[in-house]
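Colleague: One structure, as structure tokens, below. Some questions next.
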Amino acid sequence: MSMEVNERVDAKGLGCPMPIVKTKKAVETMNAGEVLEVQATDRGSLADLKGWAKTTGHEYVGTREAGDVLYHYVRKADPEETKEETPFPHEVTNEALNEVRTRDNVTVLDVREPAEYGFSHIPEAVSIPLGELEDRMKELDSSHTIHVVCRTGRRSSMAAHMLQRNGFDHVVNVKPGMSEWDGVLTEEKE
């Protein structure tokens, strides 16, 4: 695939939220219609960039893969097409989640990538990566309060917005998320 790009961002070796942070900073300096190439090795960056583009109004053009590197392409939208990225209004802390995570009417939804989830996760958590959530949300019980968690709260905020737009009324975003989780974990055994 040959694509003319106007700017490039090297986010190789960086995890969430840094590819998005670097993308946002680069897009701010570009003109409408220009294309940004984001080079990343974090597998979660695919869902992150798609979600970020969708919530801000910029166009996610596509991704190609070469070896371990993902090449994402984002077209900067015209200012009239963009919208401000808004945090999900209902948030709880890690501590608040830890107090309720075992209740019958609570679902802990982990939207990190499978490798992140497999390494360690909250024992009660259901794994549905952000990039699969739209197709798999029917697996969730909409009568439950859904606590959405990721590494830092950014992907979980996008997921919480998506759930709310699709009729889930009891959704909360967990911040700061797994990067600072000090509760019980299930870890992958070697």
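Following the order of the structure tokens, first chain is A, next is B, and so on, with residues numbered from 1 inside each chain and ligands from 1 in the order they appear.
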Any chance you could tabulate, as CSV, the residues of region 4-62 of chain A at most 9 Å from region 146-160 of chain A with each one's nearest atom pair and distance in Å to one decimal, using only C-alpha atoms, in chain and rising number order?
Modeller:
residue,atom,partner,partner_atom,distance
A:Cys16,CA,A:Arg151,CA,7.2
A:Pro17,CA,A:Arg154,CA,7.0
A:Ala47,CA,A:Arg155,CA,8.2
A:Asp48,CA,A:Arg155,CA,6.3
A:Gly51,CA,A:Met158,CA,6.4
A:Trp52,CA,A:Met158,CA,7.6
A:Thr55,CA,A:Met158,CA,7.6
Colleague: Could you turn the residues from that selection into a file that holds N, CA and C atoms, as an mmCIF file, in the first residue's frame?
Modeller:
data_model
loop_
_atom_site.group_PDB
_atom_site.id
_atom_site.type_symbol
_atom_site.label_atom_id
_atom_site.label_comp_id
_atom_site.auth_asym_id
_atom_site.auth_seq_id
_atom_site.Cartn_x
_atom_site.Cartn_y
_atom_site.Cartn_z
ATOM 1 N N CYS A 16 0.348 2.369 25.783
ATOM 2 C CA CYS A 16 -0.781 3.266 26.042
ATOM 3 C C CYS A 16 -0.480 4.092 27.299
ATOM 4 N N PRO A 17 -0.708 5.389 27.236
ATOM 5 C CA PRO A 17 -1.411 6.177 26.238
ATOM 6 C C PRO A 17 -0.490 6.937 25.279
ATOM 7 N N ALA A 47 -6.643 -0.357 18.264
ATOM 8 C CA ALA A 47 -7.947 0.011 18.837
ATOM 9 C C ALA A 47 -7.917 1.434 19.386
ATOM 10 N N ASP A 48 -6.796 1.808 19.984
ATOM 11 C CA ASP A 48 -6.686 3.154 20.559
ATOM 12 C C ASP A 48 -6.843 4.229 19.490
ATOM 13 N N GLY A 51 -10.414 4.309 18.051
ATOM 14 C CA GLY A 51 -11.311 4.935 19.016
ATOM 15 C C GLY A 51 -11.091 6.423 19.142
ATOM 16 N N TRP A 52 -9.832 6.848 19.172
ATOM 17 C CA TRP A 52 -9.513 8.268 19.287
ATOM 18 C C TRP A 52 -10.023 9.023 18.062
ATOM 19 N N THR A 55 -13.801 9.377 18.247
ATOM 20 C CA THR A 55 -14.298 10.323 19.251
ATOM 21 C C THR A 55 -13.911 11.769 18.954
#
Colleague: Could you pull out the alpha helix (DSSP H) residues of region 71-158 of chain A, going by DSSP on the backbone, and write them as number ranges by chain?
Modeller: A: 94-100, 114-119, 130-136, 154-158
Colleague: Extract, using only C-alpha atoms, all DNA, RNA and protein residues at most 6 Å from region 118-127 of chain A, discarding same-chain residues fewer than 4 positions from it, and format them as a ChimeraX atom specification.
Modeller: /A:108-110,114,185-188
Colleague: Residues at most 12 Å from region 56-66 of chain A, counting only C-alpha atoms, excluding those fewer than 2 positions away in the same chain, as JSON, numbers by chain?
Modeller: {"A": [1, 2, 3, 4, 5, 20, 23, 24, 27, 28, 30, 31, 32, 33, 34, 35, 36, 37, 38, 39, 40, 41, 42, 43, 45, 46, 47, 48, 49, 50, 51, 52, 53, 54, 68, 69, 70, 71, 72, 73, 74, 75, 76, 77, 78, 79, 80, 81, 82, 83, 84, 85, 86, 87, 158]}
Colleague: List every residue of chain A that DSSP, applied to the backbone of this structure, assigns to strand (DSSP E or B), and report them as a ChimeraX atom specification.
Modeller: /A:7-11,35-40,59-66,69-75,91-93,106-110,120-121,126-127,145-149,171-175,186-187
Colleague: Near Asn98 (chain A), within 10 Å and counting only C-alpha atoms, which residues show up once chain neighbours fewer than 3 positions away are dropped, as a list in words?
Modeller: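 Once the adjacent positions are removed, what remains is Thr93, Asn94, Glu95, Arg101, Thr102, Ile122, Trp181, Asp182, Gly183 and Val184 of chain A.
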Colleague: Could you work out how far CA of Glu180 (chain A) lies from CA of Ala26 (chain A), giving the answer in Å with one decimal?
Modeller: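 CA of Ala26 (chain A) sits 27.9 Å away from CA of Glu180 (chain A).
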Colleague: Compare A:His161, A:Asp104, A:Met137, A:Gly44 by their minimum atom-to-atom distance to Gly13 (chain A), counting only C-alpha atoms, and give me the closest one.
Modeller: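 Closest candidate: A:Gly44.
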Colleague: Tell me, in Å to one decimal, how far CA of Asn105 (chain A) is from CA of His144 (chain A).
Modeller: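 Those two atoms sit 4.8 Å apart.
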Colleague: Considering only C-alpha atoms, return as a list in words whatever protein or nucleic-acid residues lie within 12 Å of Lys138 (chain A), sequence-local ones (same chain, fewer than 5 positions apart) excluded.
Modeller: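 With the cut-off at 12 Å, the set is Ile128, Glu132, Leu133, Ser143, Leu163, Asn166, Gly167 and Phe168 of chain A.
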Colleague: Quick one, how far is CA of Ser142 (chain A) from CA of Glu99 (chain A)?
Modeller: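 Going from CA of Ser142 (chain A) over to CA of Glu99 (chain A), I get 20.6 Å.
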